[in-house]
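**Q** For reference, the structure I am asking about is given below.
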Amino acid sequence: MIRPLIAGNWKMNGLLASLDIMREMESGLSSLQDKADCLICPPATLLASMAAEKSTSRLKLGGQDCHSESSGAHTGDTAAEMVADAGGSYVIVGHSERRADHGESSEIVATKMKAAFRAGITPIICIGETLDEREGGKTLDVVSDQLAVSIPDEASGTDFVVAYEPVWAIGTGKVATVEQVAEIHDAIRAALENRFGAQGAGTPILYGGSMKPENAAGLLALSNVNGGLIGGASLKAADFLAIYAACVSQL
Ligand code: PGA
């Protein structure tokens with residue numbers, strides 16, 4: 001059985017005062033069963049402060065992006081080694097906002113996944129189609145192509161996490177239906193098993209895109225949904241904890 005992961009992506013939100021949200025999450029977690037991993041990916045500026053302040057190993061921390069190289073003349077970038085050094089054990093790579101805003105191709109995402117492996121942290125690789133691609137009937141092609149190209153040969157199947165995030169459902173309040181999510185997650189599982197054999201049966205596959213306390217239980221009940229990557233609702237401790245609670249109550 002795959003241990004679920006409930007991951008928060010704070011995006012470009014959070015100041016030092018937001019450590020209060022983390023404290024609230026930590027105290028809430030202590031009354032919930034320890035049956036799923038819980039992760040927050042704050043902006044890079046907060047990672048070290050949160051790691052220093054954190055009082056439980058139940059809450060893990062991660063970065064939102066990393067560069068392919070370990071150091072050098074790359075102004076504004078963060079190396080995977082820096083994420084690890086600041087206290088992160090995961091890093092999101094290939095989020096659709098980075099693919100769109102920073103022109104990150106799946107080839108570039110693969111170099112970032114390799115960097116995460118090199119630094120000893122777990123990459124969470126994001127894939128997902130745009131509304132145009134869905135309406136054009138291209139969803140399965142887009143997702144399988146992103147999956148094939150973004151994951152480097154070095155990957156084993158159990159050393160990364162996949163997050164399926166339909167771009168049209170991110171931050172829009174439009175959540176994909178359980179049928180849509182089931183179809184794509186089943187296809188991702190099949191592709192992972194095809195490429196990684198038995199190991200591919202153990203890769204956690206998260207759903208992301210307007211996951212909230214109201215819709216989390218239905219999505220997390222699907223057999224190939226092993227957790228969530230949560231943006232907006234991870235900025236409120238109560239909502240994030242409610243999603244975590246919905247996840248562990250099904251186990
Ligand atoms: P959202 O973001 O939950 O606000 O839709 C999800 C994500 O982009 O990871």
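Order determines the names: the first chain of the structure tokens is A, the second B, and so forth; residues in each chain are numbered 1 upward, and ligands are numbered 1 upward as they are shown.
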Would you give me, as a PyMOL selection string, the residues in range 2-243 of chain A that DSSP reads as strand (DSSP E or B)?
**A** chain A and resi 5-9+37-41+59-63+67+79+90-93+122-127+161-164+205-208+227-230
**Q** Report as a ChimeraX atom specification which protein, DNA and RNA residues come within 7 Å of ligand 1, using only C-alpha atoms and all ligand atoms.
**A** /A:9,165,169-173,208-211,229-233
**Q** Which residues are near range 194-203 of chain A? Cut-off 7 Å, only C-alpha atoms, ignore same chain within fewer than 6 positions. Put them as a PyMOL selection string.
**A** chain A and resi 2+156-158+160-161
**Q** Looking at A:Arg189, A:Val162, A:Tyr244, A:Asn226, which one is nearest to Lys212 in chain A, with distances taken over only C-alpha atoms?
**A**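 Once distances to Lys212 in chain A are computed over only C-alpha atoms, the minimum belongs to A:Tyr244.
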**Q** Would you mind writing down, as an MDAnalysis selection string, each residue of range 10-251 of chain A that DSSP on the backbone assigns to alpha helix (DSSP H)?
**A** chainID A and resid 19:29 44:53 80:85 96:101 106:119 131:135 139:150 178:196 213:220 237:249
**Q** Could you take the residues named above and write them with C-alpha atoms, as a short mmCIF file (atom, residue, chain, number, x, y, z; two decimals), in the first residue's frame?
**A**
```cif
data_model
loop_
_atom_site.label_atom_id
_atom_site.label_comp_id
_atom_site.auth_asym_id
_atom_site.auth_seq_id
_atom_site.Cartn_x
_atom_site.Cartn_y
_atom_site.Cartn_z
CA LEU A 19 5.05 30.66 10.63
CA ASP A 20 1.89 30.88 12.74
CA ILE A 21 0.09 28.83 10.07
CA MET A 22 2.79 26.19 10.35
CA ARG A 23 2.50 26.11 14.14
CA GLU A 24 -1.26 25.68 13.86
CA MET A 25 -0.77 22.83 11.39
CA GLU A 26 1.72 21.12 13.68
CA SER A 27 -0.58 21.24 16.66
CA GLY A 28 -3.54 20.05 14.58
CA LEU A 29 -1.56 17.14 13.18
CA ALA A 44 12.35 29.68 -0.59
CA THR A 45 12.71 32.66 1.74
CA LEU A 46 10.80 30.85 4.50
CA LEU A 47 12.23 27.36 4.23
CA ALA A 48 15.12 27.72 6.70
CA SER A 49 13.05 29.67 9.25
CA MET A 50 10.30 27.09 9.12
CA ALA A 51 12.79 24.24 9.45
CA ALA A 52 14.35 25.93 12.51
CA GLU A 53 10.96 26.57 14.09
CA ALA A 80 18.43 21.40 -5.02
CA GLU A 81 21.36 21.21 -2.58
CA MET A 82 20.23 24.56 -1.14
CA VAL A 83 16.70 23.26 -0.65
CA ALA A 84 18.14 20.25 1.20
CA ASP A 85 20.53 22.44 3.21
CA SER A 96 2.45 24.37 -14.68
CA GLU A 97 3.02 27.93 -13.45
CA ARG A 98 6.75 27.45 -14.00
CA ARG A 99 6.20 25.72 -17.33
CA ALA A 100 4.04 28.71 -18.41
CA ASP A 101 5.81 31.64 -16.70
CA SER A 106 9.74 18.67 -19.98
CA GLU A 107 13.42 18.33 -20.97
CA ILE A 108 14.35 21.05 -18.47
CA VAL A 109 12.12 19.45 -15.84
CA ALA A 110 14.05 16.18 -16.28
CA THR A 111 17.32 17.98 -15.45
CA LYS A 112 15.69 19.35 -12.29
CA MET A 113 14.55 15.89 -11.26
CA LYS A 114 18.11 14.67 -11.68
CA ALA A 115 19.29 17.56 -9.50
CA ALA A 116 16.84 16.53 -6.79
CA PHE A 117 18.17 12.94 -6.87
CA ARG A 118 21.74 14.27 -6.69
CA ALA A 119 20.82 16.35 -3.62
CA LEU A 131 -8.25 23.66 -21.16
CA ASP A 132 -7.56 23.86 -24.91
CA GLU A 133 -5.76 20.53 -24.81
CA ARG A 134 -8.64 18.91 -22.89
CA GLU A 135 -11.25 20.32 -25.21
CA THR A 139 -5.34 15.12 -22.48
CA LEU A 140 -3.98 11.57 -22.45
CA ASP A 141 -1.36 12.37 -25.11
CA VAL A 142 -0.18 15.51 -23.30
CA VAL A 143 0.03 13.83 -19.92
CA SER A 144 1.81 10.74 -21.19
CA ASP A 145 4.29 12.83 -23.15
CA GLN A 146 5.04 15.06 -20.14
CA LEU A 147 5.46 11.98 -17.98
CA ALA A 148 7.76 10.22 -20.44
CA VAL A 149 10.05 13.19 -21.07
CA SER A 150 10.10 14.86 -17.63
CA VAL A 178 -13.91 12.13 -9.95
CA GLU A 179 -14.45 10.39 -13.29
CA GLN A 180 -11.97 12.69 -15.05
CA VAL A 181 -9.42 12.26 -12.26
CA ALA A 182 -9.87 8.48 -12.13
CA GLU A 183 -9.34 8.17 -15.88
CA ILE A 184 -6.10 10.13 -15.91
CA HIS A 185 -4.68 8.67 -12.69
CA ASP A 186 -5.34 5.15 -13.97
CA ALA A 187 -3.55 6.04 -17.21
CA ILE A 188 -0.60 7.50 -15.27
CA ARG A 189 -0.39 4.33 -13.15
CA ALA A 190 -0.39 2.18 -16.29
CA ALA A 191 2.39 4.31 -17.82
CA LEU A 192 4.47 4.11 -14.64
CA GLU A 193 4.07 0.31 -14.45
CA ASN A 194 4.91 0.03 -18.10
CA ARG A 195 8.13 1.96 -17.60
CA PHE A 196 9.20 0.92 -14.10
CA PRO A 213 -12.14 20.10 2.37
CA GLU A 214 -15.48 19.81 0.51
CA ASN A 215 -14.18 17.75 -2.41
CA ALA A 216 -11.12 16.02 -0.95
CA ALA A 217 -12.78 12.85 0.35
CA GLY A 218 -14.26 11.90 -3.03
CA LEU A 219 -10.97 12.45 -4.86
CA LEU A 220 -8.82 10.74 -2.24
CA ALA A 237 -4.33 25.55 8.56
CA ALA A 238 -7.92 24.47 9.23
CA ASP A 239 -8.60 23.67 5.56
CA PHE A 240 -5.32 21.86 5.08
CA LEU A 241 -5.84 19.81 8.24
CA ALA A 242 -9.40 18.98 7.13
CA ILE A 243 -8.00 17.57 3.87
CA TYR A 244 -5.39 15.58 5.81
CA ALA A 245 -8.15 14.30 8.12
CA ALA A 246 -10.28 13.29 5.11
CA CYS A 247 -7.31 11.36 3.79
CA VAL A 248 -6.45 9.43 6.96
CA SER A 249 -10.09 8.69 7.79
#
```
**Q** In terms of the shortest atom-to-atom distance over only C-alpha atoms, which of A:Gly72, A:Gly87, A:Pro4, A:Gly62 is closest to Ala36 in chain A?
**A** A:Pro4
**Q** Separation of CA of Lys35 in chain A and CA of Ile125 in chain A, in Å?
**A**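 Between CA of Lys35 in chain A and CA of Ile125 in chain A the gap is 22.6 Å.
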**Q** How many Å separate CA of Ser18 in chain A from CA of Ile92 in chain A?
**A**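 According to the coordinates, CA of Ser18 in chain A and CA of Ile92 in chain A are separated by 20.1 Å.
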**Q** Closest to Tyr90 in chain A among A:Leu222, A:Ala155, A:Val167, A:Leu5, using only C-alpha atoms?
**A**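 That would be A:Leu5, the residue with the smallest distance to Tyr90 in chain A.
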**Q** Which polymer residues have any atom within 7 Å of an atom of range 39-43 of chain A, counting only C-alpha atoms, with same-chain residues fewer than 5 positions away left out, as a list in words?
**A**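 Neighbouring residues, sequence-local ones excluded: Ile6, Ala7, Gly8, Asn9, Trp10, Lys11, Met12, Asn13, Gly14, Leu59, Lys60, Leu61, Gly62, Gly63 and Gln64 of chain A.
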**Q** Once you have the residues from the selection above, write them out as a CSV table (one decimal), in the first residue's frame, restricted to N, CA and C atoms.
**A**
```
chain,number,residue,atom,x,y,z
A,6,ILE,N,-0.1,14.4,1.7
A,6,ILE,CA,-0.9,15.6,1.5
A,6,ILE,C,0.2,16.7,1.6
A,7,ALA,N,0.3,17.4,0.4
A,7,ALA,CA,1.3,18.4,0.2
A,7,ALA,C,0.7,19.8,-0.1
A,8,GLY,N,1.3,20.8,0.6
A,8,GLY,CA,0.8,22.1,0.4
A,8,GLY,C,1.9,22.9,-0.4
A,9,ASN,N,1.3,23.6,-1.4
A,9,ASN,CA,2.2,24.5,-2.3
A,9,ASN,C,1.8,25.9,-2.0
A,10,TRP,N,2.6,26.6,-1.2
A,10,TRP,CA,2.3,28.0,-0.8
A,10,TRP,C,2.5,29.0,-2.0
A,11,LYS,N,3.1,28.5,-3.0
A,11,LYS,CA,3.4,29.4,-4.2
A,11,LYS,C,4.1,30.7,-3.7
A,12,MET,N,3.8,31.9,-4.3
A,12,MET,CA,4.5,33.1,-3.8
A,12,MET,C,3.7,33.8,-2.7
A,13,ASN,N,3.4,33.0,-1.7
A,13,ASN,CA,2.6,33.6,-0.6
A,13,ASN,C,3.4,33.2,0.7
A,14,GLY,N,3.4,34.2,1.7
A,14,GLY,CA,4.0,33.9,3.0
A,14,GLY,C,5.1,34.8,3.4
A,59,LEU,N,5.6,17.0,10.1
A,59,LEU,CA,5.4,18.0,9.1
A,59,LEU,C,6.7,18.1,8.3
A,60,LYS,N,6.7,17.8,7.0
A,60,LYS,CA,7.9,17.8,6.2
A,60,LYS,C,7.9,19.1,5.4
A,61,LEU,N,9.1,19.5,5.0
A,61,LEU,CA,9.2,20.8,4.2
A,61,LEU,C,9.8,20.5,2.9
A,62,GLY,N,9.5,21.4,1.9
A,62,GLY,CA,10.1,21.2,0.6
A,62,GLY,C,10.2,22.5,-0.2
A,63,GLY,N,10.9,22.5,-1.3
A,63,GLY,CA,11.0,23.7,-2.2
A,63,GLY,C,10.0,23.6,-3.3
A,64,GLN,N,9.8,24.7,-4.0
A,64,GLN,CA,8.8,24.8,-5.1
A,64,GLN,C,9.5,24.7,-6.5
```
**Q** Using only C-alpha atoms for the distances, tell me which of A:Lys54, A:His102, A:His95, A:Lys174 is nearest to Pro123 in chain A.
**A**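 Nearest candidate to Pro123 in chain A out of A:Lys54, A:His102, A:His95, A:Lys174: A:His95.
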